[in-house]
Amino acid sequence: MKSIAALLLCFVFAGIANAQLNPPAESAMDRFLRYVKIDTQSQEDQTATPSTRKQFNLANLLAKELTPLGAQNVRVSEFGIVYATVPGNLADNSKVPVIGFIAHMDTSPAVSGQNVTPVIHKNYQGGNITLPKDPAQVITVDKNPVLKGLIGDDIITADGTTLLGSDDKSGCAEIMTMIDTFRQNPQLKHGTIAIAFTPDEEVGTGIDKFDVKGFGAKFAYTVDGEELGEISDETWSARTATVTFQGKSTHPGTAKGIMINAMYAIADYLNRFPHDMLPETTEGRVGFVHPYAGVIDVESSNLKILLRDFDIGGLDAKEKVLRDMVMQTADKFPQVKITIDVKENYKNMKEMLKNYPELTNNAMEAARRAGLKPFLKPIRGGTDGSNLTFRGLPTPNLFTGGANFHGKLEFNSRRGLEKSTETLVNLVQIFAEKS
Ligand SMILES: [Zn+2]
């Protein structure tokens, strides 16, 4: 009874607070439209961070925009990471944990991010959306049921020749607009906020250069998800196996009784993969094993395999399957020396986040106060947050309102950007209220 009353009071309070808010100096939409025009595509297999120098163009712009918004200690590291701090406005800021917000600046290497021309489909009235520069690129209601909730909204797409870059310039624009909103509304109470914009998320390398200690947050959120309300505090636990098949090569003309061809052993091993345990046959919470690359050669062949599961027990079971398969193939090819080496890549962030339930709970409440229906969605992959969580900075992932990441059909909407921003503003306040 008491909690229901408190909840009702929260809704009333949030309603009043929102009605009285001064608008930000620049809307999330206008920021977003500016950022997507800056090409920040990252590139695979580079030794330098950032992988492409052009990511500095957005990093430097964001750094320049942060100071007038009241951020302090704004800096761009040699690796292209933007860090800043927004000081709290409480009587005693030390009583509230420093909350971090992180978005990535780069766009996927999969599709060009050069000369992005955002198109605004004003007052969307339903139906499929054909992108103007390529009639083959159609965002269909069939494949994007989320469109049904966007009637009357302004939808933003690319023109059909590039990706949009909503992933993750939506997150960048929303975090910037959150800071702007606090700047325009000093009556909103909040603790100290740590901000970071990172390069090379799409190629998985930028986060290695992240200075967790210098960032100074106790907890953080990546703002890099999709549908409004979607919150993720679970990712895969991930290992990689390398199976090596050692044979013996010799001149084929004089090979009788000497040559041991490792290629037959690797073929036998591949044939043993269970068909119901592969990426192409699984979804939802079901994990997989995935042979994804290899070398075949008479003398030495090898196979690289991804192991993925949400539970460590499930991952152990998959590793056992691969090891049992090694024994079976070894029985059949006793002359081929077969070894298996398994490495840990990352762990389900839930293993750590289960100790900090308030992070997820507060995010759900923040979304509810913005009028959204929050829901938990496990990520069939890893995030920068999985890396940070195990480096001591617990970091779940929040929605941005975007959809169809990494492709030409990417989109977001005015409401998507605004409701995500509102959720961030609410979240910071909730931490202040509860401390
Ligand atoms: Zn992303």
# chains A, B, ... in the order shown; residues from 1 in each chain; ligands from 1
>>> residues_near_ligand(ligand="ligand 1", cutoff="7 Å", atoms="only C-alpha atoms and all ligand atoms", output="VMD selection string")
chain A and resid 104 167 to 168 201 to 202 224 to 225
>>> write_last_selection(atoms="N, CA and C atoms", output="PDB file, in the first residue's frame")
ATOM      1  N   HIS A 104      28.793   5.596 -28.430  1.00  0.00           N
ATOM      2  CA  HIS A 104      29.928   5.513 -29.348  1.00  0.00           C
ATOM      3  C   HIS A 104      29.698   6.370 -30.582  1.00  0.00           C
ATOM      4  N   ASP A 167      22.875   4.417 -34.939  1.00  0.00           N
ATOM      5  CA  ASP A 167      23.795   3.643 -34.095  1.00  0.00           C
ATOM      6  C   ASP A 167      25.180   4.235 -34.269  1.00  0.00           C
ATOM      7  N   ASP A 168      25.693   5.099 -33.396  1.00  0.00           N
ATOM      8  CA  ASP A 168      25.056   5.415 -32.148  1.00  0.00           C
ATOM      9  C   ASP A 168      25.007   6.935 -31.945  1.00  0.00           C
ATOM     10  N   GLU A 201      33.629   1.293 -31.470  1.00  0.00           N
ATOM     11  CA  GLU A 201      32.799   0.272 -30.824  1.00  0.00           C
ATOM     12  C   GLU A 201      32.480  -0.837 -31.818  1.00  0.00           C
ATOM     13  N   GLU A 202      32.241  -0.442 -33.062  1.00  0.00           N
ATOM     14  CA  GLU A 202      31.791  -1.404 -34.071  1.00  0.00           C
ATOM     15  C   GLU A 202      32.878  -2.417 -34.439  1.00  0.00           C
ATOM     16  N   ASP A 224      22.902   2.753 -26.242  1.00  0.00           N
ATOM     17  CA  ASP A 224      23.270   2.178 -27.545  1.00  0.00           C
ATOM     18  C   ASP A 224      22.300   1.069 -27.963  1.00  0.00           C
ATOM     19  N   GLY A 225      21.092   1.067 -27.350  1.00  0.00           N
ATOM     20  CA  GLY A 225      20.125   0.020 -27.692  1.00  0.00           C
ATOM     21  C   GLY A 225      19.149   0.487 -28.760  1.00  0.00           C
TER      22      GLY A 225
END
>>> residues_around(residues="Ile258 in chain A", least_positions_apart="5", cutoff="12 Å", atoms="only C-alpha atoms", output="compact mmCIF listing (two decimals) with N, CA, C and O atoms, in the first residue's frame")
# COMPACT_ATOMS: atom_id res chain seq x y z
N GLY A 247 49.17 -33.23 -39.10
CA GLY A 247 49.45 -34.41 -39.92
C GLY A 247 50.92 -34.44 -40.31
O GLY A 247 51.77 -33.94 -39.57
N LYS A 248 51.22 -35.05 -41.47
CA LYS A 248 52.62 -35.09 -41.92
C LYS A 248 52.61 -35.00 -43.44
O LYS A 248 52.00 -35.81 -44.13
N SER A 249 53.28 -33.99 -43.95
CA SER A 249 53.31 -33.76 -45.39
C SER A 249 54.58 -34.38 -45.97
O SER A 249 55.61 -34.44 -45.31
N THR A 250 54.47 -34.82 -47.21
CA THR A 250 55.64 -35.35 -47.89
C THR A 250 55.38 -35.25 -49.38
O THR A 250 54.27 -34.96 -49.79
N HIS A 251 56.39 -35.46 -50.20
CA HIS A 251 56.18 -35.43 -51.64
C HIS A 251 55.17 -36.52 -52.00
O HIS A 251 55.33 -37.67 -51.61
N PRO A 252 54.10 -36.15 -52.72
CA PRO A 252 53.05 -37.15 -52.97
C PRO A 252 53.54 -38.34 -53.78
O PRO A 252 52.97 -39.44 -53.68
N GLY A 253 54.63 -38.15 -54.54
CA GLY A 253 55.15 -39.26 -55.35
C GLY A 253 55.75 -40.37 -54.52
O GLY A 253 55.80 -41.52 -54.93
N GLU A 299 49.62 -30.86 -43.82
CA GLU A 299 50.51 -30.92 -42.65
C GLU A 299 49.82 -30.45 -41.36
O GLU A 299 49.91 -31.09 -40.33
N GLN A 335 46.55 -41.32 -36.17
CA GLN A 335 47.87 -40.79 -36.53
C GLN A 335 47.92 -39.26 -36.55
O GLN A 335 48.99 -38.67 -36.55
>>> closest_atom_pairs(of="range 208-266 of chain A", to="range 372-385 of chain A", cutoff="10 Å", atoms="only C-alpha atoms", output="tab-separated table")
residue	atom	partner	partner_atom	distance
A:Asp208	CA	A:Asp384	CA	9.0
A:Phe210	CA	A:Asp384	CA	9.8
A:Ala220	CA	A:Gly385	CA	8.3
A:Tyr221	CA	A:Gly385	CA	7.5
A:Thr222	CA	A:Gly385	CA	6.4
A:Val223	CA	A:Gly385	CA	9.9
A:Asp224	CA	A:Thr383	CA	9.0
A:Gly225	CA	A:Ile379	CA	9.5
A:Glu227	CA	A:Pro374	CA	9.8
A:Leu228	CA	A:Leu372	CA	7.2
A:Gly229	CA	A:Pro374	CA	4.0
A:Glu230	CA	A:Phe375	CA	5.3
A:Ile231	CA	A:Leu376	CA	5.0
A:Ser232	CA	A:Lys377	CA	5.2
A:Asp233	CA	A:Pro378	CA	6.7
A:Glu234	CA	A:Pro378	CA	4.7
A:Thr235	CA	A:Ile379	CA	4.7
A:Trp236	CA	A:Gly381	CA	5.5
A:Ser237	CA	A:Gly382	CA	8.1
A:Ala238	CA	A:Gly382	CA	8.2
>>> select_by_dssp(residues="range 297-402 of chain A", states="strand (DSSP E)", output="VMD selection string")
chain A and resid 300 to 309 337 to 346 375 to 376 397 to 398
>>> write_last_selection(atoms="N, CA, C and O atoms", output="mmCIF file, in the first residue's frame")
data_model
loop_
_atom_site.group_PDB
_atom_site.id
_atom_site.type_symbol
_atom_site.label_atom_id
_atom_site.label_comp_id
_atom_site.auth_asym_id
_atom_site.auth_seq_id
_atom_site.Cartn_x
_atom_site.Cartn_y
_atom_site.Cartn_z
ATOM 1 N N SER A 300 49.144 -29.302 -41.474
ATOM 2 C CA SER A 300 48.521 -28.759 -40.272
ATOM 3 C C SER A 300 47.244 -28.012 -40.647
ATOM 4 O O SER A 300 47.288 -27.053 -41.396
ATOM 5 N N SER A 301 46.144 -28.484 -40.121
ATOM 6 C CA SER A 301 44.865 -27.818 -40.343
ATOM 7 C C SER A 301 44.358 -27.309 -39.013
ATOM 8 O O SER A 301 44.700 -27.852 -37.962
ATOM 9 N N ASN A 302 43.556 -26.234 -39.042
ATOM 10 C CA ASN A 302 42.952 -25.798 -37.786
ATOM 11 C C ASN A 302 41.599 -25.170 -38.027
ATOM 12 O O ASN A 302 41.256 -24.781 -39.141
ATOM 13 N N LEU A 303 40.823 -25.096 -36.945
ATOM 14 C CA LEU A 303 39.462 -24.597 -37.018
ATOM 15 C C LEU A 303 39.240 -23.672 -35.836
ATOM 16 O O LEU A 303 39.615 -23.999 -34.707
ATOM 17 N N LYS A 304 38.646 -22.505 -36.108
ATOM 18 C CA LYS A 304 38.304 -21.580 -35.022
ATOM 19 C C LYS A 304 36.796 -21.626 -34.796
ATOM 20 O O LYS A 304 36.023 -21.609 -35.741
ATOM 21 N N ILE A 305 36.407 -21.701 -33.525
ATOM 22 C CA ILE A 305 34.995 -21.909 -33.183
ATOM 23 C C ILE A 305 34.567 -20.951 -32.077
ATOM 24 O O ILE A 305 35.242 -20.829 -31.048
ATOM 25 N N LEU A 306 33.438 -20.262 -32.286
ATOM 26 C CA LEU A 306 32.862 -19.420 -31.232
ATOM 27 C C LEU A 306 31.934 -20.262 -30.364
ATOM 28 O O LEU A 306 31.164 -21.074 -30.887
ATOM 29 N N LEU A 307 32.004 -20.067 -29.052
ATOM 30 C CA LEU A 307 31.057 -20.685 -28.113
ATOM 31 C C LEU A 307 30.305 -19.555 -27.430
ATOM 32 O O LEU A 307 30.915 -18.625 -26.893
ATOM 33 N N ARG A 308 28.956 -19.626 -27.441
ATOM 34 C CA ARG A 308 28.158 -18.543 -26.860
ATOM 35 C C ARG A 308 27.000 -19.114 -26.040
ATOM 36 O O ARG A 308 26.309 -20.019 -26.484
ATOM 37 N N ASP A 309 26.810 -18.567 -24.849
ATOM 38 C CA ASP A 309 25.668 -18.964 -24.022
ATOM 39 C C ASP A 309 25.451 -17.885 -22.957
ATOM 40 O O ASP A 309 26.384 -17.181 -22.597
ATOM 41 N N LYS A 337 47.554 -35.781 -34.842
ATOM 42 C CA LYS A 337 47.587 -35.257 -33.474
ATOM 43 C C LYS A 337 46.601 -34.086 -33.378
ATOM 44 O O LYS A 337 46.758 -33.076 -34.065
ATOM 45 N N ILE A 338 45.585 -34.250 -32.536
ATOM 46 C CA ILE A 338 44.542 -33.218 -32.435
ATOM 47 C C ILE A 338 44.582 -32.569 -31.060
ATOM 48 O O ILE A 338 44.580 -33.246 -30.033
ATOM 49 N N THR A 339 44.638 -31.227 -31.052
ATOM 50 C CA THR A 339 44.622 -30.500 -29.773
ATOM 51 C C THR A 339 43.531 -29.439 -29.804
ATOM 52 O O THR A 339 43.188 -28.920 -30.860
ATOM 53 N N ILE A 340 42.986 -29.140 -28.632
ATOM 54 C CA ILE A 340 41.969 -28.088 -28.537
ATOM 55 C C ILE A 340 42.370 -27.094 -27.466
ATOM 56 O O ILE A 340 42.808 -27.476 -26.386
ATOM 57 N N ASP A 341 42.265 -25.811 -27.826
ATOM 58 C CA ASP A 341 42.646 -24.743 -26.911
ATOM 59 C C ASP A 341 41.459 -23.781 -26.797
ATOM 60 O O ASP A 341 40.970 -23.292 -27.811
ATOM 61 N N VAL A 342 40.962 -23.561 -25.572
ATOM 62 C CA VAL A 342 39.776 -22.719 -25.393
ATOM 63 C C VAL A 342 40.137 -21.466 -24.600
ATOM 64 O O VAL A 342 40.769 -21.548 -23.553
ATOM 65 N N LYS A 343 39.757 -20.307 -25.144
ATOM 66 C CA LYS A 343 40.044 -19.031 -24.472
ATOM 67 C C LYS A 343 38.744 -18.336 -24.070
ATOM 68 O O LYS A 343 37.757 -18.380 -24.790
ATOM 69 N N GLU A 344 38.795 -17.674 -22.919
ATOM 70 C CA GLU A 344 37.664 -16.883 -22.436
ATOM 71 C C GLU A 344 37.689 -15.523 -23.144
ATOM 72 O O GLU A 344 38.719 -14.872 -23.185
ATOM 73 N N ASN A 345 36.564 -15.061 -23.725
ATOM 74 C CA ASN A 345 36.532 -13.737 -24.354
ATOM 75 C C ASN A 345 35.871 -12.699 -23.448
ATOM 76 O O ASN A 345 36.472 -11.699 -23.096
ATOM 77 N N TYR A 346 34.625 -12.943 -23.077
ATOM 78 C CA TYR A 346 33.948 -12.056 -22.131
ATOM 79 C C TYR A 346 32.847 -12.844 -21.442
ATOM 80 O O TYR A 346 32.477 -13.929 -21.881
ATOM 81 N N PHE A 375 11.178 -2.971 -20.838
ATOM 82 C CA PHE A 375 11.290 -4.432 -20.866
ATOM 83 C C PHE A 375 12.768 -4.813 -20.965
ATOM 84 O O PHE A 375 13.587 -4.044 -21.473
ATOM 85 N N LEU A 376 13.076 -6.010 -20.438
ATOM 86 C CA LEU A 376 14.463 -6.478 -20.447
ATOM 87 C C LEU A 376 14.697 -7.340 -21.679
ATOM 88 O O LEU A 376 13.885 -8.199 -22.006
ATOM 89 N N ASN A 397 22.861 -1.516 -20.635
ATOM 90 C CA ASN A 397 22.632 -0.780 -21.885
ATOM 91 C C ASN A 397 21.195 -0.272 -21.959
ATOM 92 O O ASN A 397 20.253 -0.988 -21.612
ATOM 93 N N LEU A 398 21.043 0.978 -22.418
ATOM 94 C CA LEU A 398 19.723 1.592 -22.549
ATOM 95 C C LEU A 398 19.358 1.811 -24.009
ATOM 96 O O LEU A 398 20.232 1.977 -24.860
#
>>> select_by_dssp(residues="range 122-260 of chain A", states="helix (DSSP H, G or I)", output="PyMOL selection string")
chain A and resi 145-150+166-184+206-209+212-215+252-254
>>> write_last_selection(atoms="N, CA and C atoms", output="mmCIF file, in the first residue's frame")
data_model
loop_
_atom_site.group_PDB
_atom_site.id
_atom_site.type_symbol
_atom_site.label_atom_id
_atom_site.label_comp_id
_atom_site.auth_asym_id
_atom_site.auth_seq_id
_atom_site.Cartn_x
_atom_site.Cartn_y
_atom_site.Cartn_z
ATOM 1 N N PRO A 145 7.411 -3.974 -37.160
ATOM 2 C CA PRO A 145 6.116 -3.710 -36.509
ATOM 3 C C PRO A 145 6.158 -2.482 -35.595
ATOM 4 N N VAL A 146 7.356 -2.075 -35.192
ATOM 5 C CA VAL A 146 7.505 -0.904 -34.326
ATOM 6 C C VAL A 146 6.951 0.354 -35.019
ATOM 7 N N LEU A 147 6.881 0.328 -36.361
ATOM 8 C CA LEU A 147 6.349 1.474 -37.122
ATOM 9 C C LEU A 147 4.903 1.789 -36.738
ATOM 10 N N LYS A 148 4.169 0.740 -36.353
ATOM 11 C CA LYS A 148 2.746 0.935 -36.016
ATOM 12 C C LYS A 148 2.581 1.892 -34.839
ATOM 13 N N GLY A 149 3.601 1.980 -34.004
ATOM 14 C CA GLY A 149 3.533 2.884 -32.852
ATOM 15 C C GLY A 149 4.037 4.285 -33.175
ATOM 16 N N LEU A 150 4.409 4.527 -34.421
ATOM 17 C CA LEU A 150 5.027 5.809 -34.764
ATOM 18 C C LEU A 150 4.120 6.710 -35.609
ATOM 19 N N SER A 166 22.255 6.198 -36.862
ATOM 20 C CA SER A 166 21.502 6.280 -35.604
ATOM 21 C C SER A 166 22.267 5.509 -34.530
ATOM 22 N N ASP A 167 22.875 4.417 -34.939
ATOM 23 C CA ASP A 167 23.795 3.643 -34.095
ATOM 24 C C ASP A 167 25.180 4.235 -34.269
ATOM 25 N N ASP A 168 25.693 5.099 -33.396
ATOM 26 C CA ASP A 168 25.056 5.415 -32.148
ATOM 27 C C ASP A 168 25.007 6.935 -31.945
ATOM 28 N N LYS A 169 24.798 7.664 -33.063
ATOM 29 C CA LYS A 169 24.712 9.118 -32.918
ATOM 30 C C LYS A 169 23.418 9.511 -32.221
ATOM 31 N N SER A 170 22.445 8.587 -32.176
ATOM 32 C CA SER A 170 21.259 8.814 -31.339
ATOM 33 C C SER A 170 21.703 8.943 -29.893
ATOM 34 N N GLY A 171 22.522 7.981 -29.445
ATOM 35 C CA GLY A 171 23.017 8.002 -28.067
ATOM 36 C C GLY A 171 23.802 9.280 -27.782
ATOM 37 N N CYS A 172 24.643 9.692 -28.745
ATOM 38 C CA CYS A 172 25.430 10.927 -28.562
ATOM 39 C C CYS A 172 24.490 12.124 -28.401
ATOM 40 N N ALA A 173 23.491 12.228 -29.302
ATOM 41 C CA ALA A 173 22.576 13.379 -29.278
ATOM 42 C C ALA A 173 21.739 13.381 -27.997
ATOM 43 N N GLU A 174 21.328 12.195 -27.551
ATOM 44 C CA GLU A 174 20.473 12.110 -26.355
ATOM 45 C C GLU A 174 21.248 12.500 -25.093
ATOM 46 N N ILE A 175 22.493 12.047 -24.990
ATOM 47 C CA ILE A 175 23.312 12.399 -23.823
ATOM 48 C C ILE A 175 23.580 13.911 -23.812
ATOM 49 N N MET A 176 23.912 14.463 -24.983
ATOM 50 C CA MET A 176 24.173 15.904 -25.062
ATOM 51 C C MET A 176 22.917 16.703 -24.686
ATOM 52 N N THR A 177 21.757 16.227 -25.139
ATOM 53 C CA THR A 177 20.511 16.952 -24.859
ATOM 54 C C THR A 177 20.098 16.798 -23.402
ATOM 55 N N MET A 178 20.455 15.668 -22.798
ATOM 56 C CA MET A 178 20.228 15.510 -21.351
ATOM 57 C C MET A 178 21.012 16.587 -20.585
ATOM 58 N N ILE A 179 22.285 16.770 -20.952
ATOM 59 C CA ILE A 179 23.108 17.773 -20.257
ATOM 60 C C ILE A 179 22.513 19.163 -20.472
ATOM 61 N N ASP A 180 22.093 19.420 -21.710
ATOM 62 C CA ASP A 180 21.467 20.688 -22.083
ATOM 63 C C ASP A 180 20.206 20.926 -21.232
ATOM 64 N N THR A 181 19.415 19.869 -21.050
ATOM 65 C CA THR A 181 18.172 19.983 -20.267
ATOM 66 C C THR A 181 18.472 20.354 -18.817
ATOM 67 N N PHE A 182 19.502 19.735 -18.250
ATOM 68 C CA PHE A 182 19.879 20.103 -16.872
ATOM 69 C C PHE A 182 20.379 21.556 -16.821
ATOM 70 N N ARG A 183 21.073 21.964 -17.877
ATOM 71 C CA ARG A 183 21.598 23.330 -17.940
ATOM 72 C C ARG A 183 20.455 24.354 -17.922
ATOM 73 N N GLN A 184 19.371 24.036 -18.662
ATOM 74 C CA GLN A 184 18.237 24.967 -18.775
ATOM 75 C C GLN A 184 17.287 24.878 -17.584
ATOM 76 N N GLY A 206 37.858 0.031 -29.413
ATOM 77 C CA GLY A 206 37.956 1.336 -28.755
ATOM 78 C C GLY A 206 37.915 1.247 -27.241
ATOM 79 N N ILE A 207 37.090 0.344 -26.733
ATOM 80 C CA ILE A 207 36.835 0.298 -25.301
ATOM 81 C C ILE A 207 38.072 -0.167 -24.517
ATOM 82 N N ASP A 208 38.976 -0.887 -25.173
ATOM 83 C CA ASP A 208 40.214 -1.315 -24.500
ATOM 84 C C ASP A 208 41.022 -0.115 -24.013
ATOM 85 N N LYS A 209 40.848 1.030 -24.700
ATOM 86 C CA LYS A 209 41.625 2.223 -24.343
ATOM 87 C C LYS A 209 40.892 3.102 -23.332
ATOM 88 N N VAL A 212 38.928 3.733 -17.144
ATOM 89 C CA VAL A 212 37.848 3.547 -16.169
ATOM 90 C C VAL A 212 38.079 4.421 -14.934
ATOM 91 N N LYS A 213 39.326 4.456 -14.471
ATOM 92 C CA LYS A 213 39.638 5.210 -13.256
ATOM 93 C C LYS A 213 39.466 6.710 -13.499
ATOM 94 N N GLY A 214 39.999 7.190 -14.598
ATOM 95 C CA GLY A 214 39.900 8.611 -14.933
ATOM 96 C C GLY A 214 38.463 9.049 -15.172
ATOM 97 N N PHE A 215 37.644 8.141 -15.678
ATOM 98 C CA PHE A 215 36.232 8.434 -15.941
ATOM 99 C C PHE A 215 35.540 8.818 -14.630
ATOM 100 N N PRO A 252 54.103 -36.150 -52.722
ATOM 101 C CA PRO A 252 53.053 -37.150 -52.968
ATOM 102 C C PRO A 252 53.543 -38.342 -53.778
ATOM 103 N N GLY A 253 54.632 -38.149 -54.544
ATOM 104 C CA GLY A 253 55.151 -39.262 -55.350
ATOM 105 C C GLY A 253 55.754 -40.368 -54.516
ATOM 106 N N THR A 254 56.215 -40.013 -53.325
ATOM 107 C CA THR A 254 56.859 -41.016 -52.458
ATOM 108 C C THR A 254 56.186 -41.022 -51.088
#
>>> atom_distance(atom1="CA of Glu418 in chain A", atom2="CA of Ile156 in chain A")
13.0 Å
>>> residues_around(residues="Gln114 in chain A", least_positions_apart="4", cutoff="10 Å", atoms="only C-alpha atoms", output="number ranges by chain")
A: 36-41, 161-164
>>> write_last_selection(atoms="all heavy atoms", output="PDB file, in the first residue's frame")
ATOM      1  N   VAL A  36      24.868  13.118 -37.688  1.00  0.00           N
ATOM      2  CA  VAL A  36      24.881  12.018 -38.669  1.00  0.00           C
ATOM      3  C   VAL A  36      25.568  12.420 -39.976  1.00  0.00           C
ATOM      4  O   VAL A  36      25.994  11.559 -40.749  1.00  0.00           O
ATOM      5  CB  VAL A  36      23.473  11.458 -38.991  1.00  0.00           C
ATOM      6  CG1 VAL A  36      22.843  10.818 -37.762  1.00  0.00           C
ATOM      7  CG2 VAL A  36      22.557  12.495 -39.606  1.00  0.00           C
ATOM      8  N   LYS A  37      25.682  13.733 -40.207  1.00  0.00           N
ATOM      9  CA  LYS A  37      26.323  14.187 -41.456  1.00  0.00           C
ATOM     10  C   LYS A  37      27.844  14.072 -41.382  1.00  0.00           C
ATOM     11  O   LYS A  37      28.530  14.259 -42.386  1.00  0.00           O
ATOM     12  CB  LYS A  37      25.919  15.631 -41.753  1.00  0.00           C
ATOM     13  CG  LYS A  37      24.453  15.729 -42.204  1.00  0.00           C
ATOM     14  CD  LYS A  37      24.049  17.170 -42.442  1.00  0.00           C
ATOM     15  CE  LYS A  37      22.535  17.268 -42.608  1.00  0.00           C
ATOM     16  NZ  LYS A  37      22.034  18.596 -42.245  1.00  0.00           N
ATOM     17  N   ILE A  38      28.370  13.805 -40.188  1.00  0.00           N
ATOM     18  CA  ILE A  38      29.829  13.682 -40.033  1.00  0.00           C
ATOM     19  C   ILE A  38      30.213  12.208 -40.184  1.00  0.00           C
ATOM     20  O   ILE A  38      29.743  11.361 -39.426  1.00  0.00           O
ATOM     21  CB  ILE A  38      30.258  14.219 -38.653  1.00  0.00           C
ATOM     22  CG1 ILE A  38      29.845  15.695 -38.537  1.00  0.00           C
ATOM     23  CG2 ILE A  38      31.758  14.045 -38.446  1.00  0.00           C
ATOM     24  CD1 ILE A  38      29.925  16.239 -37.117  1.00  0.00           C
ATOM     25  N   ASP A  39      31.025  11.913 -41.181  1.00  0.00           N
ATOM     26  CA  ASP A  39      31.424  10.527 -41.455  1.00  0.00           C
ATOM     27  C   ASP A  39      32.393  10.037 -40.379  1.00  0.00           C
ATOM     28  O   ASP A  39      33.476  10.590 -40.205  1.00  0.00           O
ATOM     29  CB  ASP A  39      32.085  10.477 -42.844  1.00  0.00           C
ATOM     30  CG  ASP A  39      32.544   9.064 -43.217  1.00  0.00           C
ATOM     31  OD1 ASP A  39      32.214   8.121 -42.479  1.00  0.00           O
ATOM     32  OD2 ASP A  39      33.234   8.936 -44.238  1.00  0.00           O
ATOM     33  N   THR A  40      31.983   8.991 -39.644  1.00  0.00           N
ATOM     34  CA  THR A  40      32.830   8.460 -38.567  1.00  0.00           C
ATOM     35  C   THR A  40      32.967   6.947 -38.688  1.00  0.00           C
ATOM     36  O   THR A  40      33.125   6.241 -37.685  1.00  0.00           O
ATOM     37  CB  THR A  40      32.231   8.785 -37.183  1.00  0.00           C
ATOM     38  OG1 THR A  40      30.878   8.293 -37.165  1.00  0.00           O
ATOM     39  CG2 THR A  40      32.241  10.255 -36.883  1.00  0.00           C
ATOM     40  N   GLN A  41      32.886   6.441 -39.915  1.00  0.00           N
ATOM     41  CA  GLN A  41      32.946   4.981 -40.094  1.00  0.00           C
ATOM     42  C   GLN A  41      34.273   4.426 -39.567  1.00  0.00           C
ATOM     43  O   GLN A  41      35.341   4.949 -39.883  1.00  0.00           O
ATOM     44  CB  GLN A  41      32.793   4.645 -41.574  1.00  0.00           C
ATOM     45  CG  GLN A  41      32.628   3.155 -41.831  1.00  0.00           C
ATOM     46  CD  GLN A  41      32.446   2.856 -43.307  1.00  0.00           C
ATOM     47  OE1 GLN A  41      33.049   3.501 -44.162  1.00  0.00           O
ATOM     48  NE2 GLN A  41      31.627   1.875 -43.614  1.00  0.00           N
ATOM     49  N   THR A 161      21.257   5.451 -49.866  1.00  0.00           N
ATOM     50  CA  THR A 161      22.599   5.178 -50.389  1.00  0.00           C
ATOM     51  C   THR A 161      23.614   4.894 -49.285  1.00  0.00           C
ATOM     52  O   THR A 161      24.699   4.402 -49.550  1.00  0.00           O
ATOM     53  CB  THR A 161      23.114   6.370 -51.219  1.00  0.00           C
ATOM     54  OG1 THR A 161      23.189   7.521 -50.365  1.00  0.00           O
ATOM     55  CG2 THR A 161      22.175   6.678 -52.380  1.00  0.00           C
ATOM     56  N   THR A 162      23.258   5.222 -48.050  1.00  0.00           N
ATOM     57  CA  THR A 162      24.191   5.038 -46.921  1.00  0.00           C
ATOM     58  C   THR A 162      23.407   4.510 -45.718  1.00  0.00           C
ATOM     59  O   THR A 162      22.187   4.423 -45.772  1.00  0.00           O
ATOM     60  CB  THR A 162      24.787   6.396 -46.484  1.00  0.00           C
ATOM     61  OG1 THR A 162      23.725   7.227 -45.997  1.00  0.00           O
ATOM     62  CG2 THR A 162      25.491   7.105 -47.631  1.00  0.00           C
ATOM     63  N   LEU A 163      24.132   4.195 -44.644  1.00  0.00           N
ATOM     64  CA  LEU A 163      23.410   3.974 -43.387  1.00  0.00           C
ATOM     65  C   LEU A 163      23.050   5.346 -42.818  1.00  0.00           C
ATOM     66  O   LEU A 163      23.465   6.378 -43.354  1.00  0.00           O
ATOM     67  CB  LEU A 163      24.222   3.134 -42.400  1.00  0.00           C
ATOM     68  CG  LEU A 163      25.693   3.444 -42.086  1.00  0.00           C
ATOM     69  CD1 LEU A 163      25.874   4.776 -41.452  1.00  0.00           C
ATOM     70  CD2 LEU A 163      26.281   2.354 -41.218  1.00  0.00           C
ATOM     71  N   LEU A 164      22.271   5.374 -41.744  1.00  0.00           N
ATOM     72  CA  LEU A 164      21.894   6.658 -41.135  1.00  0.00           C
ATOM     73  C   LEU A 164      22.898   7.063 -40.058  1.00  0.00           C
ATOM     74  O   LEU A 164      23.239   8.234 -39.937  1.00  0.00           O
ATOM     75  CB  LEU A 164      20.479   6.551 -40.538  1.00  0.00           C
ATOM     76  CG  LEU A 164      19.958   7.780 -39.782  1.00  0.00           C
ATOM     77  CD1 LEU A 164      19.860   8.994 -40.708  1.00  0.00           C
ATOM     78  CD2 LEU A 164      18.602   7.495 -39.146  1.00  0.00           C
TER      79      LEU A 164
END
>>> closest_atom_pairs(of="range 66-161 of chain A", to="range 407-410 of chain A", cutoff="10 Å", atoms="only C-alpha atoms", output="tab-separated table")
residue	atom	partner	partner_atom	distance
A:Ser108	CA	A:Gly407	CA	8.5
A:Ala110	CA	A:Gly407	CA	7.4
A:Val111	CA	A:Gly407	CA	6.2
A:Ser112	CA	A:Lys408	CA	8.9
A:Gly113	CA	A:Lys408	CA	9.7
A:Ile129	CA	A:Leu409	CA	9.4
A:Thr130	CA	A:Leu409	CA	9.4
A:Leu131	CA	A:Leu409	CA	8.2
A:Asp134	CA	A:Lys408	CA	9.9
A:Gln137	CA	A:Leu409	CA	6.8
A:Val138	CA	A:Leu409	CA	7.1
A:Ile139	CA	A:Leu409	CA	6.0
A:Thr140	CA	A:Leu409	CA	9.5
A:Ile156	CA	A:Glu410	CA	8.7
A:Thr157	CA	A:Glu410	CA	6.3
A:Ala158	CA	A:Lys408	CA	6.8
A:Asp159	CA	A:Lys408	CA	8.2
A:Gly160	CA	A:Lys408	CA	5.8
A:Thr161	CA	A:Lys408	CA	6.8
>>> closest_residue(among="A:Gly100, A:Pro186, A:Gly126, A:Gly284", to="Ala217 in chain A", atoms="only C-alpha atoms")
A:Gly100
